[in-house]
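To keep things clear, I will list the structure first and then write my remarks on it.
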Amino acid sequence: MVNLLTSVRGLPALAGCVLAAASYPAMPTDRTTPVQQRLAISGPNAISIGWNTYQKLAQPCVQYGTSSSALTLQACSGSSVTYATSRTYSNAVTLTNLSPAITYYYKIVSTNSTVEHFFSPRTAGDTRPFSMNAVIDMGVYGADGYTIQMDEAKRDTIPTIDPSLNHTTINQLANTVDDYEFIVHPGDFAYADDWYLKPKNVLDGEDAFQAILEQFYAQLSPISGRKAYMASPGNHEAACQEIPYLTGLCPTGQKNFTDFMTRFGLTMSTAFPSTSGAEAAKVNANKAQLLSKPPFWYSFEYGMLHFVMINTETDFDDAPDGQGGSAGLNSGPFGAPDQQLQFLEADLASVDRTITPWVVIGGHRPWYTTGGSGCEPCQAAFEPILYKYGVDLAILGHVHNSQRFQPVYNNVADPKGMNDPAAPMYIVAGGAGNIEGLSAVGTNLSFNSFAYADDFSYAKITFLDAHNLQVDFVRSATGEVLDSSVLYKAHTEQFVVQ
């Protein structure tokens, strides 16, 4: 994170010589034109499709089918919502009763839209191998974000990606689009709250914030409109800036995670009903569904995987972005006292390992990281629950690099290492690229196995079978695999409590 107070102190000197110039994308003539498209796994055999428009839609609709030339089905909703400072409306429609693991084609109903496609979710218990990507801390590219020196000889030829995005993580996700089935992004999108780092924005912060959001989600849409893109919050979604205790000065609509909630709140899952034959599993899954609070905390199942998103920003004791938290952002709460942790307990207790042997969690702030201390309140809140229910892998970000740790609990490495440990394996996948740059590796930890901060990168997780999970860290510019590891778990217990 940049030194915010130092940067802001320099703004008055710049203000007198810089003209306001928020870099909004051009608004289409047809205001029903869909932009910023995004998919999500929203339930068993269900995909939600979200998109924005520059006018409110009376009835957002999506046509779909298994042939691009015969979109014989249609789903509609009444969901077209906005907030005070936004130029756009967020729309959401859910497609249900999909056949599993096949290609569907869809067209958002508009006089200016095209036919796109997606791979429908696998059912829980499907034992075929698959991969997902973990991309965290990814910001807008270009005039309001980060830039990379271009090498014209290496420019991609994928027509749906703006050539200016060459050598970015988004570009690599496009190049390898057939190699993974969905993406998880636990926090820090766009970095709109860093608008003031570009002098041209100094006199127009409110519009600059919104312009960065519009730019970023337009850059992301070729990927998020093709692959389910599962989101949870990070600190950069909280408010118009990160200056402690001053978020009350942010405009209405640019505080308390407003854009994040509006954009993702109607597309993310709650928790899946249990397909286990055990009555206790069904009861706990139903309890988790009632306690879930998407897009802040929720879960879904996909093939051999049970995935849980947690919120490391608010809604637990001493949460950094919560009321009175260390970040001074005074956000939330978004649930009742202890609701998030009650959800997590119920959700993990519901997992039947004979159906979904792999349990993975995603969240933003890590408690194990090189280069300094991690989030101690996060560790106190979440780590005992993850260990108790035998979580296999935790995917975190916030630190802008890539890291892999041996399985660890309470700051002690599991003696079994990667061979059937009781403790979770932890990774940090925060090196996707943003205006704040990369974080140096710094002081290492004895149980760290890999740390990389030389270039932008992300993680690919492959579920090989019920017992073997592979984690690869990929260099965004080249596709080079920087580190590869395999975690073995016996998964002999139907319900893990330890």
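Simple scheme: letters A, B, ... for chains in structure tokens order, numbers from 1 for residues in each chain, numbers from 1 for ligands in the order shown.
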
request  = For Leu482 in chain A, please output as a VMD selection string all residues within 9 Å (counting only C-alpha atoms; exclusion window: fewer than 4 positions along the same chain).
outcome  = chain A and resid 452 457 472 to 475

How would the residues just picked look written out with C-alpha atoms as an mmCIF file, in the first residue's frame?
data_model
loop_
_atom_site.group_PDB
_atom_site.id
_atom_site.type_symbol
_atom_site.label_atom_id
_atom_site.label_comp_id
_atom_site.auth_asym_id
_atom_site.auth_seq_id
_atom_site.Cartn_x
_atom_site.Cartn_y
_atom_site.Cartn_z
ATOM 1 C CA TYR A 452 8.072 -14.037 -5.990
ATOM 2 C CA SER A 457 1.654 -13.279 -11.450
ATOM 3 C CA ASP A 472 0.991 -23.433 -9.963
ATOM 4 C CA PHE A 473 2.097 -19.817 -9.861
ATOM 5 C CA VAL A 474 2.088 -18.299 -13.345
ATOM 6 C CA ARG A 475 4.002 -15.274 -14.615
#

request  = Extract, using only C-alpha atoms, all DNA, RNA and protein residues at most 8 Å from Asn286 in chain A, discarding same-chain residues fewer than 2 positions from it, and format them as a PyMOL selection string.
outcome  = chain A and resi 271+273-274+282-284+288-290

Looking only at helix (DSSP H, G or I) from DSSP on the backbone, list the matching residues of range 45-253 of chain A as a compact mmCIF listing (two decimals) with C-alpha atoms, in the first residue's frame.
# COMPACT_ATOMS: atom_id res chain seq x y z
CA GLU A 152 5.15 -5.14 -29.97
CA ALA A 153 6.69 -8.44 -31.07
CA LYS A 154 4.81 -10.24 -28.31
CA PRO A 163 -4.28 -4.64 -27.53
CA SER A 164 -3.26 -2.17 -24.82
CA LEU A 165 -3.79 -4.97 -22.30
CA THR A 169 -2.82 -10.75 -16.15
CA ILE A 170 -6.09 -10.20 -18.04
CA ASN A 171 -4.26 -10.95 -21.27
CA GLN A 172 -2.84 -14.21 -19.89
CA LEU A 173 -6.28 -15.22 -18.66
CA ALA A 174 -7.49 -14.71 -22.23
CA ASN A 175 -4.60 -16.64 -23.78
CA ALA A 192 -10.58 3.29 -7.70
CA ASP A 193 -9.74 4.65 -4.25
CA ASP A 194 -6.22 5.42 -5.55
CA TRP A 195 -7.63 7.99 -7.99
CA TYR A 196 -5.54 10.76 -6.39
CA LEU A 197 -2.26 9.10 -7.41
CA PRO A 199 -2.42 14.30 -10.90
CA LYS A 200 -5.02 14.72 -13.64
CA ASN A 201 -7.68 13.49 -11.21
CA GLY A 205 -12.04 12.81 -7.38
CA GLU A 206 -15.72 11.83 -7.36
CA ASP A 207 -15.84 11.29 -11.13
CA ALA A 208 -12.33 9.82 -11.23
CA PHE A 209 -13.38 7.12 -8.75
CA GLN A 210 -16.37 6.15 -10.89
CA ALA A 211 -14.39 6.36 -14.13
CA ILE A 212 -11.80 3.90 -12.83
CA LEU A 213 -14.53 1.42 -11.92
CA GLU A 214 -16.07 1.71 -15.39
CA GLN A 215 -12.68 1.27 -17.06
CA PHE A 216 -11.62 -1.72 -14.99
CA TYR A 217 -14.79 -3.75 -15.29
CA ALA A 218 -14.84 -3.07 -19.05
CA GLN A 219 -11.26 -4.40 -19.27
CA LEU A 220 -12.24 -7.45 -17.24
CA SER A 221 -15.49 -8.24 -19.08
CA PRO A 222 -14.02 -10.39 -21.90
CA ILE A 223 -12.95 -12.79 -19.13
CA SER A 224 -15.72 -12.33 -16.55
CA ASN A 235 -9.90 -3.06 1.58
CA HIS A 236 -9.89 -1.18 -1.75
CA GLU A 237 -13.64 -1.71 -2.13
CA THR A 247 -14.34 8.13 4.93
CA GLY A 248 -17.26 10.18 6.18
CA LEU A 249 -16.14 12.84 3.70

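Proximity of A:Phe447, A:Tyr458, A:Tyr298, A:Phe495 to Thr356 in chain A, computed with only C-alpha atoms, is greatest for A:Phe495.
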
request  = Find the spatial neighbours of Cys76 in chain A, counting only C-alpha atoms, within a cut-off of 6 Å - ignore same-chain residues fewer than 3 positions away - and output them as a list in words.
outcome  = Pro60, Cys61 and Val93 of chain A

Next, write the just-selected residues to a file, as a CSV table (one decimal), in the first residue's frame, keeping C-alpha atoms as the atom set.
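The resulting result.csv:
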chain,number,residue,atom,x,y,z
A,60,PRO,CA,-33.4,-7.2,-17.8
A,61,CYS,CA,-33.5,-10.4,-19.8
A,93,VAL,CA,-30.5,-12.5,-14.2

inquiry  = Can you pull out every residue from range 309-436 of chain A that DSSP, working from the backbone, puts in strand (DSSP E or B), and format the result as a ChimeraX atom specification?
reply    = /A:309,322,331,358-362,393-396,402-405,408-409,412-413,419,425-429,433

Neighbour list for Ala231 in chain A as an MDAnalysis selection string, cut-off 9 Å, only C-alpha atoms, skip fewer than 5 positions in-chain = chainID A and resid 40 183:187 264 268 295:296 309

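Counting only C-alpha atoms, the residue from A:Glu345, A:Asp179, A:Asp204, A:Asp188 that sits nearest to Gly479 in chain A is A:Asp179.
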
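Between CA of Ala349 in chain A and CA of Cys378 in chain A lies a distance of 20.0 Å.
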
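The residue set within 10 Å of Gly253 in chain A, counting only C-alpha atoms and dropping same-chain residues fewer than 5 places from it, reads Thr82, Tyr83, Ala84, Thr85, Ser86, Glu206, Gln210, Ala239, Cys240, Thr258, Asp259 and Thr262 of chain A.
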
inquiry  = At a cut-off of 12 Å, using only C-alpha atoms, what residues contact Leu246 in chain A? Leave out same-chain residues fewer than 2 positions from it and give the result as a list of chain:residue names.
reply    = A:Leu5, A:Ala239, A:Cys240, A:Gln241, A:Glu242, A:Ile243, A:Pro244, A:Gly248, A:Leu249, A:Cys250, A:Pro251, A:Lys255, A:Ala327, A:Gly328, A:Leu329, A:Asn330, A:Ser331

What does the file look like for those residues with C-alpha atoms, as a compact mmCIF listing (two decimals), in the first residue's frame?
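Okay, this is what ended up in selection-v4.txt:
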# COMPACT_ATOMS: atom_id res chain seq x y z
CA LEU A 5 -1.18 10.62 3.95
CA ALA A 239 -14.52 3.79 0.30
CA CYS A 240 -13.44 6.65 -1.99
CA GLN A 241 -10.02 6.70 -0.31
CA GLU A 242 -8.14 4.93 2.48
CA ILE A 243 -7.24 7.92 4.64
CA PRO A 244 -8.07 6.72 8.18
CA GLY A 248 -17.26 10.18 6.18
CA LEU A 249 -16.14 12.84 3.70
CA CYS A 250 -16.64 10.46 0.77
CA PRO A 251 -19.67 11.15 -1.43
CA LYS A 255 -18.29 4.42 1.01
CA ALA A 327 -7.65 0.82 9.04
CA GLY A 328 -9.97 3.58 10.27
CA LEU A 329 -12.50 2.94 7.48
CA ASN A 330 -15.43 2.28 9.84
CA SER A 331 -17.36 0.06 7.43

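Nearest to His364 in chain A of all the residues A:Asn311, A:Ser439, A:Ser485, A:Thr127 is A:Asn311, based on only C-alpha atoms.
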
inquiry  = So that I can check the surroundings of range 339-343 of chain A, please list as a count of residues only every protein, DNA and RNA residue that reaches within 8 Å of it, counting only C-alpha atoms and ignoring chain neighbours fewer than 3 positions away.
reply    = 17

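Interatomic distance, CA of Ser99 in chain A against CA of Ala58 in chain A: 28.9 Å.
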
inquiry  = Could you tell me how far CA of Ser80 in chain A sits from CA of Val115 in chain A, in Å to one decimal place?
reply    = 21.0 Å

key: Nearest to Leu469 in chain A by atom-to-atom distance, counting only C-alpha atoms, from A:Ile47, A:Val135, A:Leu95, A:Val359   = A:Val359
